[in-house]
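> Submitted below is the structure of interest, expressed as structure tokens.
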Amino acid sequence: MKKILFLFLLPVSAFAQTAGTYIQNGNARANEKDYKGAIQNFNRAIELNDKSSDAYFYRANANGNLKDYKAAIEDYGKTIALKPDFTTAYYYKANAESSVQNYQAAIDDFNRAIALGPKTGEMFLYRGTAKSNLNDNTGAIADFTIALQYAPNNAEIYEYRGLAKNNKGNYAAAVDDYNIAIKLNPKKDALYQYRAGSKASMGDHQGAILDYTTTLSINPQNAEAYFYRGNNKADQQDYKGAIEDYKKAAAINPELKNLFLYLANAESNMGDSKGALDYFNNAINQHPKTGELYIYRGIVESNMKDYESAMADFNKGISLGNRTSEAYQSRAYAKLSTKDAQGAKLDADTAISLDPRSLNAYISRSKAKLAMKDTSGVMADLTLAISINSKSDEAYLVRGDTHRDLGNMTAAIADYTKAIQVNPNYTYAYLNRAIEKNKMNDKAGAVKDFEKLISIAPKREDAYTRLGKIDNFYKYTPNGVALFTAAIALNPANSNFYLYRGEAKAAAGDIKGAITDYDAGLLKNPKNTAILLQQGIMETSIGDYPGALEDYNKAIQIDSTSDASALSFQNRGYLQYKQGNYKAAMKDLDKAVSIFSNDETFLFRGDVKMALKDYAGATDDYHNAVYLNPTFAKALAHSGIAKSYLNDAQGVNDDFAAALKADPASADTYIDRAAAKVNLKDAAGAVADCNQAIKLNPKNSRAYLQRGLAKFALNDKAGACTDIKTAVDNGSKEAPAILAKYCK
């Protein structure tokens with residue numbers, strides 16, 4: 001804000017005639033703007049009378065007009081010492097103090113002037129300005145409001161109050177003041193620029209762009225307006241428009257801070273790193289001694305992973321004198337990318353010494369320390385980074401990565417969550433949090449994060465891939481088919497996307513659609529064993545045993561040694577079991593166990609052993625399945641059946657109690673316990689269990705079949721045959737033979 005010193009010509013007091021003459025001559029010269037001549041006269045007057053407050057006051061005014069504010073302040077001080085109630089001297093001294101940025105002294109003098117009176121609007125206006133310069137925006141707003149009582153149509157006061165409100169973060173109120181200022185002075189370009197800044201802070205980027213455009217229509221040489229309009233266009237992802245504005249700003253004032261950095265970022269966001277590189281090449285040809293240009297070309301090269309060229313440019317820029325925190329920080333990042341952790345740390349140290357509040361430098365140094373295994377140093381730097389800016393999404397992300405690398409998944413997830421709270425569209429945070437949630441078996445949370453990531457960045461192929469790899473992902477989202485339809489549109493050659501969509505369709509009951517997708521995936525990659533496996537499982541479920549066997553055989557022919565191949569042997573063994581080929585089933589399941597076993601591998605082999613009447617062996621396999629999965633209700637129930645053949649009543653009771661605890665709403669568990677009770681000669685108990693199973697699932701054919709068998713044991717042939725007939729009606733494949741044999 002401009003500071004105005006007013007020249008007051010006061011009547012000459014009753015000095016000695018000679019001193020008064022010099023004062024009159026001095027004022028005459030001052031009125032002719034011969035301030036040096038005026039000062040000579042005032043000096044002579046003071047020599048003749050050093051108690052003349054007027055001589056000091058007028059000399060202070062002349063010094064002020066020559067911008068010798070230090071001398072002016074000294075003379076105003078002498079004036080006040082001689083004339084303590086001289087309001088104008090305090091007021092002018094305050095203005096001079098403001099001119100040398102001694103704002104607190106200025107405020108003290110304004111306070112004295114206002115207290116002495118008479119009060120003027122200018123006193124409050126200039127005191128408000130001094131308060132603004134000390135970041136006392138609340139006090140400044142109060143003073144500007146009083147100033148407006150004296151001059152309600154003063155556009156400048158509305159402008160200054162708007163700035164104070166903006167600096168306080170009250171952007172809407174700032175816009176209101178700028179609106180009035182613009183109405184009073186519609187041709188002042190700065191008003192539109194200030195209003196644009198407040199609108200941008202409110203997230204009204206389109207409104208900001210319009211105001212910057214108006215600013216430029218009034219003043220086409222306003223480089224800052226082009227620069228900030230470019231920033232708002234970039235926020236709207238109009239990178240092309242942003243680049244045009246940045247280049248116009250550079251043509252007017254290439255020294256604007258961060259201009260070239262934003263230009264490089266916009267080029268990169270357009271995927272046009274080459275365009276950014278070409279621009280900086282041309283700029284360097286025109287200004288080969290401008291170190292900043294080499295630094296920003298190095299940033300572009302670093303983003304293009306051309307670290308050798310980037311290092312050369314960073315070195316050149318620094319050697320030309322661009323020894324800024326940003327230059328060393330950028331070189332530290334390049335060194336990190338080339339695994340030079342020690343060099344990166346040294347550069348980050350230098351960046352921090354140049355700017356102790358460089359957030360990125362602390363983050364880079366933390367990454368260097370992480371590579372050097374200095375985990376305590378990593379945490380210390382990230383804590384400092386977050387203390388500098390608690391809204392730094394990257395600081396939370398890096399700290400989360402550190403917790404992750406240290407194996408603390410809970411702390412990692414907490415930091416990724418903080419990063420997302422700061423930046424709800426932070427794709428890296430969603431990605432990393434999803435990965436950690438999946439590790440912690442929070443599959444629902446992981447799927448939700450991947451869905452959010454895809455909604456933000458629908459072209460990230462890796463996000464679809466990671467989502468599809470989550471076990472049974474389709475259980476945690478109703479959008480599986482739509483998601484992988486989008487993935488296929490993104491990359492139709494990726495066979496796994498057909499696999500994942502097929503799994504989602506199968507889960508939704510669209511078996512035909514699932515098999516169609518599996519076939520399409522195999523056309524893309526006939527050696528995709530995961531698709532062959534899933535198609536085999538699907539064909540087994542619908543009774544297409546030949547088709548399933550063909551797919552399992554193909555999968556094993558392609559891969560018979562990796563951990564993944566164990567599933568092919570396991571499921572082929574299960575298929576052989578379903579067909580009664582127990583010897584072949586055992587061979588496949590033994591092979592699966594030798595490669596990589598899971599809970600289902602032991603369950604299936606236990607079922608084969610039970611079919612072979614090796615009840616003790618079956619019990620061992622079921623035990624192994626439960627060891628791997630303590631809540632595996634099916635394995636517990638089958639173990640109970642095996643023990644019933646061994647006449648181990650206590651074991652039967654224990655296994656079924658555990659099975660029902662794991663899954664109390666399972667009709668199949670009650671049916672299995674009924675079968676065990678029949679073996680233990682408790683037919684009445686078997687009927688009771690079947691009744692409970694039917695209550696849970698009235699269409700369960702196994703429940704009616706098992707209850708019918710229990711009723712035969714109770715000599716209730718009529719009741720038994722009724723149940724067997726109901727089992728047939730509900731689709732049982734075993735019941736028709738029993739009905740034909742025992743219910744003629």
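Each chain in the structure tokens gets a letter, A, B and so on, in the order shown; residues start at 1 in every chain, and ligands are counted from 1 in the order they appear.
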Would you mind listing what lies within 7 Å of A:Leu589 as a CSV table (one decimal) with N, CA, C and O atoms, in the first residue's frame, with only C-alpha atoms counted and same-chain residues fewer than 6 positions away left out?


chain,number,residue,atom,x,y,z
A,569,PHE,N,-4.2,-80.2,-9.8
A,569,PHE,CA,-4.2,-81.6,-9.3
A,569,PHE,C,-5.3,-81.8,-8.3
A,569,PHE,O,-6.0,-82.8,-8.3
A,570,GLN,N,-5.5,-80.8,-7.4
A,570,GLN,CA,-6.5,-80.9,-6.4
A,570,GLN,C,-7.9,-81.0,-7.0
A,570,GLN,O,-8.7,-81.9,-6.6
A,573,GLY,N,-8.4,-84.2,-8.9
A,573,GLY,CA,-8.6,-85.3,-7.9
A,573,GLY,C,-10.0,-85.3,-7.4
A,573,GLY,O,-10.6,-86.4,-7.2
A,601,THR,N,-7.5,-79.1,0.0
A,601,THR,CA,-6.8,-80.2,-0.5
A,601,THR,C,-7.0,-81.4,0.5
A,601,THR,O,-7.2,-82.5,0.2
A,605,ARG,N,-9.0,-85.0,0.1
A,605,ARG,CA,-8.3,-86.3,0.3
A,605,ARG,C,-9.0,-87.0,1.4
A,605,ARG,O,-9.1,-88.3,1.3

> Can you pull out every residue within 9 Å of A:Thr214, counting only C-alpha atoms, but drop anything in the same chain fewer than 4 positions away, and send it as a list in words?

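Returned residues: Asp189, Tyr192, Gln193, Ile209, Leu210, Ile218 and Asn219 of chain A.
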
> Could you save those same residues with N, CA, C and O atoms as a PDB file, in the first residue's frame?


ATOM      1  N   ASP A 189      -7.456  -3.332 -12.650  1.00  0.00           N
ATOM      2  CA  ASP A 189      -7.238  -4.749 -12.946  1.00  0.00           C
ATOM      3  C   ASP A 189      -6.931  -5.559 -11.692  1.00  0.00           C
ATOM      4  O   ASP A 189      -7.318  -6.725 -11.582  1.00  0.00           O
ATOM      5  N   TYR A 192      -9.900  -7.377  -9.878  1.00  0.00           N
ATOM      6  CA  TYR A 192     -10.360  -8.639 -10.471  1.00  0.00           C
ATOM      7  C   TYR A 192      -9.374  -9.765 -10.142  1.00  0.00           C
ATOM      8  O   TYR A 192      -9.773 -10.908  -9.910  1.00  0.00           O
ATOM      9  N   GLN A 193      -8.089  -9.415 -10.118  1.00  0.00           N
ATOM     10  CA  GLN A 193      -7.078 -10.425  -9.799  1.00  0.00           C
ATOM     11  C   GLN A 193      -7.227 -10.904  -8.352  1.00  0.00           C
ATOM     12  O   GLN A 193      -7.157 -12.107  -8.081  1.00  0.00           O
ATOM     13  N   ILE A 209     -11.064 -18.073 -13.251  1.00  0.00           N
ATOM     14  CA  ILE A 209     -10.569 -17.931 -14.636  1.00  0.00           C
ATOM     15  C   ILE A 209     -11.214 -16.730 -15.318  1.00  0.00           C
ATOM     16  O   ILE A 209     -10.550 -15.946 -16.002  1.00  0.00           O
ATOM     17  N   LEU A 210     -12.514 -16.555 -15.097  1.00  0.00           N
ATOM     18  CA  LEU A 210     -13.214 -15.410 -15.700  1.00  0.00           C
ATOM     19  C   LEU A 210     -12.643 -14.088 -15.186  1.00  0.00           C
ATOM     20  O   LEU A 210     -12.464 -13.128 -15.948  1.00  0.00           O
ATOM     21  N   ILE A 218      -7.907  -5.707 -19.127  1.00  0.00           N
ATOM     22  CA  ILE A 218      -7.554  -4.351 -18.697  1.00  0.00           C
ATOM     23  C   ILE A 218      -6.043  -4.136 -18.800  1.00  0.00           C
ATOM     24  O   ILE A 218      -5.579  -3.082 -19.221  1.00  0.00           O
ATOM     25  N   ASN A 219      -5.282  -5.169 -18.418  1.00  0.00           N
ATOM     26  CA  ASN A 219      -3.816  -5.067 -18.423  1.00  0.00           C
ATOM     27  C   ASN A 219      -3.216  -6.314 -19.064  1.00  0.00           C
ATOM     28  O   ASN A 219      -2.909  -7.285 -18.372  1.00  0.00           O
TER      29      ASN A 219
END

> Name the closest residue to A:Ala457 among the candidates A:Asp559, A:Asp177, A:Tyr430, A:Ile252; distances are taken between atoms, counting only C-alpha atoms.

A:Tyr430

> Find the residues near A:Gly617: any atom within 12 Å, counting only C-alpha atoms, skip ones fewer than 4 places away on the same chain, and give them as a PDB file with C-alpha atoms, in the first residue's frame.


ATOM      1  CA  PHE A 602      -6.920 -82.129   2.843  1.00  0.00           C
ATOM      2  CA  LEU A 603     -10.743 -82.022   2.877  1.00  0.00           C
ATOM      3  CA  ARG A 605      -8.331 -86.253   0.253  1.00  0.00           C
ATOM      4  CA  GLY A 606     -10.113 -86.994   3.513  1.00  0.00           C
ATOM      5  CA  ASP A 607     -13.353 -87.536   1.556  1.00  0.00           C
ATOM      6  CA  VAL A 608     -11.556 -89.958  -0.788  1.00  0.00           C
ATOM      7  CA  LYS A 609     -10.098 -91.861   2.153  1.00  0.00           C
ATOM      8  CA  MET A 610     -13.508 -92.048   3.775  1.00  0.00           C
ATOM      9  CA  ALA A 611     -14.929 -93.439   0.523  1.00  0.00           C
ATOM     10  CA  LEU A 612     -12.122 -96.036   0.662  1.00  0.00           C
ATOM     11  CA  LYS A 613     -13.146 -96.729   4.288  1.00  0.00           C
ATOM     12  CA  ASP A 621      -6.636 -85.273   6.751  1.00  0.00           C
ATOM     13  CA  TYR A 622      -9.651 -83.490   8.196  1.00  0.00           C
ATOM     14  CA  HIS A 623      -7.503 -82.571  11.198  1.00  0.00           C
ATOM     15  CA  ASN A 624      -4.917 -81.035   8.854  1.00  0.00           C
ATOM     16  CA  SER A 639     -14.289 -85.461  10.582  1.00  0.00           C
ATOM     17  CA  ALA A 642     -15.337 -90.363   9.946  1.00  0.00           C
ATOM     18  CA  LYS A 643     -15.155 -90.708  13.730  1.00  0.00           C
ATOM     19  CA  LEU A 646     -14.660 -95.464  14.296  1.00  0.00           C
TER      20      LEU A 646
END

> Within 8 Å of A:Ala429, counting only C-alpha atoms, which residues qualify if same-chain residues fewer than 5 places away don't, as a PyMOL selection string?

chain A and resi 397+416-417+419-420

> Quick one: everything within 7 Å of A:Tyr90, counting only C-alpha atoms, minus sequence neighbours fewer than 2 positions away in the same chain. Send it as an NGL selection string.

:A and (86-88 or 92-94 or 109-110 or 112-113)

> Go ahead and write the selection's residues with N, CA and C atoms as a PDB file, in the first residue's frame.


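Okay, selection_19.pdb is ready:
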ATOM      1  N   PHE A  86       1.177  16.938  19.372  1.00  0.00           N
ATOM      2  CA  PHE A  86       1.074  17.269  17.948  1.00  0.00           C
ATOM      3  C   PHE A  86       0.608  16.014  17.183  1.00  0.00           C
ATOM      4  N   THR A  87      -0.691  15.887  16.976  1.00  0.00           N
ATOM      5  CA  THR A  87      -1.289  14.701  16.338  1.00  0.00           C
ATOM      6  C   THR A  87      -0.657  14.396  14.983  1.00  0.00           C
ATOM      7  N   THR A  88      -0.503  15.439  14.154  1.00  0.00           N
ATOM      8  CA  THR A  88      -0.019  15.221  12.790  1.00  0.00           C
ATOM      9  C   THR A  88       1.395  14.651  12.786  1.00  0.00           C
ATOM     10  N   TYR A  92       2.369  11.389  10.758  1.00  0.00           N
ATOM     11  CA  TYR A  92       3.383  11.334   9.702  1.00  0.00           C
ATOM     12  C   TYR A  92       4.533  10.395  10.086  1.00  0.00           C
ATOM     13  N   LYS A  93       4.889  10.413  11.344  1.00  0.00           N
ATOM     14  CA  LYS A  93       5.953   9.500  11.804  1.00  0.00           C
ATOM     15  C   LYS A  93       5.520   8.048  11.605  1.00  0.00           C
ATOM     16  N   ALA A  94       4.254   7.763  11.880  1.00  0.00           N
ATOM     17  CA  ALA A  94       3.733   6.404  11.687  1.00  0.00           C
ATOM     18  C   ALA A  94       3.853   5.984  10.223  1.00  0.00           C
ATOM     19  N   ASP A 109       2.455   4.654  16.907  1.00  0.00           N
ATOM     20  CA  ASP A 109       2.272   6.074  16.585  1.00  0.00           C
ATOM     21  C   ASP A 109       0.853   6.373  16.106  1.00  0.00           C
ATOM     22  N   PHE A 110       0.288   5.462  15.291  1.00  0.00           N
ATOM     23  CA  PHE A 110      -1.104   5.659  14.867  1.00  0.00           C
ATOM     24  C   PHE A 110      -2.025   5.667  16.088  1.00  0.00           C
ATOM     25  N   ARG A 112      -1.333   6.684  19.074  1.00  0.00           N
ATOM     26  CA  ARG A 112      -1.199   7.970  19.768  1.00  0.00           C
ATOM     27  C   ARG A 112      -1.936   9.089  19.008  1.00  0.00           C
ATOM     28  N   ALA A 113      -1.794   9.042  17.659  1.00  0.00           N
ATOM     29  CA  ALA A 113      -2.465  10.060  16.847  1.00  0.00           C
ATOM     30  C   ALA A 113      -3.974   9.963  16.995  1.00  0.00           C
TER      31      ALA A 113
END

> Could you work out how far atom CA of A:Pro118 lies from atom CA of A:Asp85, giving the answer in Å with one decimal?

11.3 Å

> Residues of stretch 191-263 of chain A that have any atom at most 8 Å from an atom of stretch 269-285 of chain A: could you tabulate them with the shortest-distance atom pair and the distance in Å to one decimal, using only C-alpha atoms, ordered by chain and increasing number, as a tab-separated table?


residue	atom	partner	partner_atom	distance
A:Tyr239	CA	A:Met270	CA	6.3
A:Lys240	CA	A:Met270	CA	7.5
A:Leu263	CA	A:Ala276	CA	7.5

> Take the selection from the previous step and output its residues with N, CA and C atoms, as a short mmCIF file (atom, residue, chain, number, x, y, z; two decimals), in the first residue's frame.


data_model
loop_
_atom_site.label_atom_id
_atom_site.label_comp_id
_atom_site.auth_asym_id
_atom_site.auth_seq_id
_atom_site.Cartn_x
_atom_site.Cartn_y
_atom_site.Cartn_z
N TYR A 239 -5.03 -28.76 -19.21
CA TYR A 239 -3.57 -28.58 -19.22
C TYR A 239 -3.10 -27.83 -20.46
N LYS A 240 -3.80 -28.03 -21.55
CA LYS A 240 -3.42 -27.31 -22.77
C LYS A 240 -3.57 -25.81 -22.56
N LEU A 263 4.77 -25.16 -15.49
CA LEU A 263 4.72 -25.44 -16.93
C LEU A 263 5.14 -26.88 -17.20
#

> List the neighbours of A:Asp393 out to 12 Å using only C-alpha atoms; skip same-chain residues closer than 3 positions along the sequence, and give me the result as a list in words.

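Residues meeting the cut-off are Leu359, Asn360, Ile363, Leu382, Ala385, Ile386, Asn389, Ser390, Tyr396, Leu397, Val398, Arg399, Gly400, Asp415, Tyr416, Thr417, Lys418, Ala419, Ile420, Gln421, Val422, Asn423, Pro424, Asn425, Tyr426, Thr427, Tyr428, Ala429 and Tyr430 of chain A.
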
> By how many Å are atom CA of A:Ala688 and atom CA of A:Ala637 apart?

16.7 Å

> So which residues of stretch 396-529 of chain A fall under helix (DSSP H, G or I) by DSSP, listed as a PyMOL selection string?

chain A and resi 396-405+409-422+427-439+443-456+461-469+473-475+480-490+495-507+511-524+529

> Mind checking which residues fall within 10 Å of A:Asn494, counting only C-alpha atoms, ignoring those fewer than 2 positions away in the same chain, and posting them as a VMD selection string?

chain A and resid 461 465 487 to 492 496 to 499 521 524 to 525

> I need the residue nearest A:Lys443 from this list: A:Leu467, A:Ala635, A:Ala266, A:Ala81. Use only C-alpha atoms for the distance.

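The answer is A:Leu467, which sits nearest to A:Lys443.
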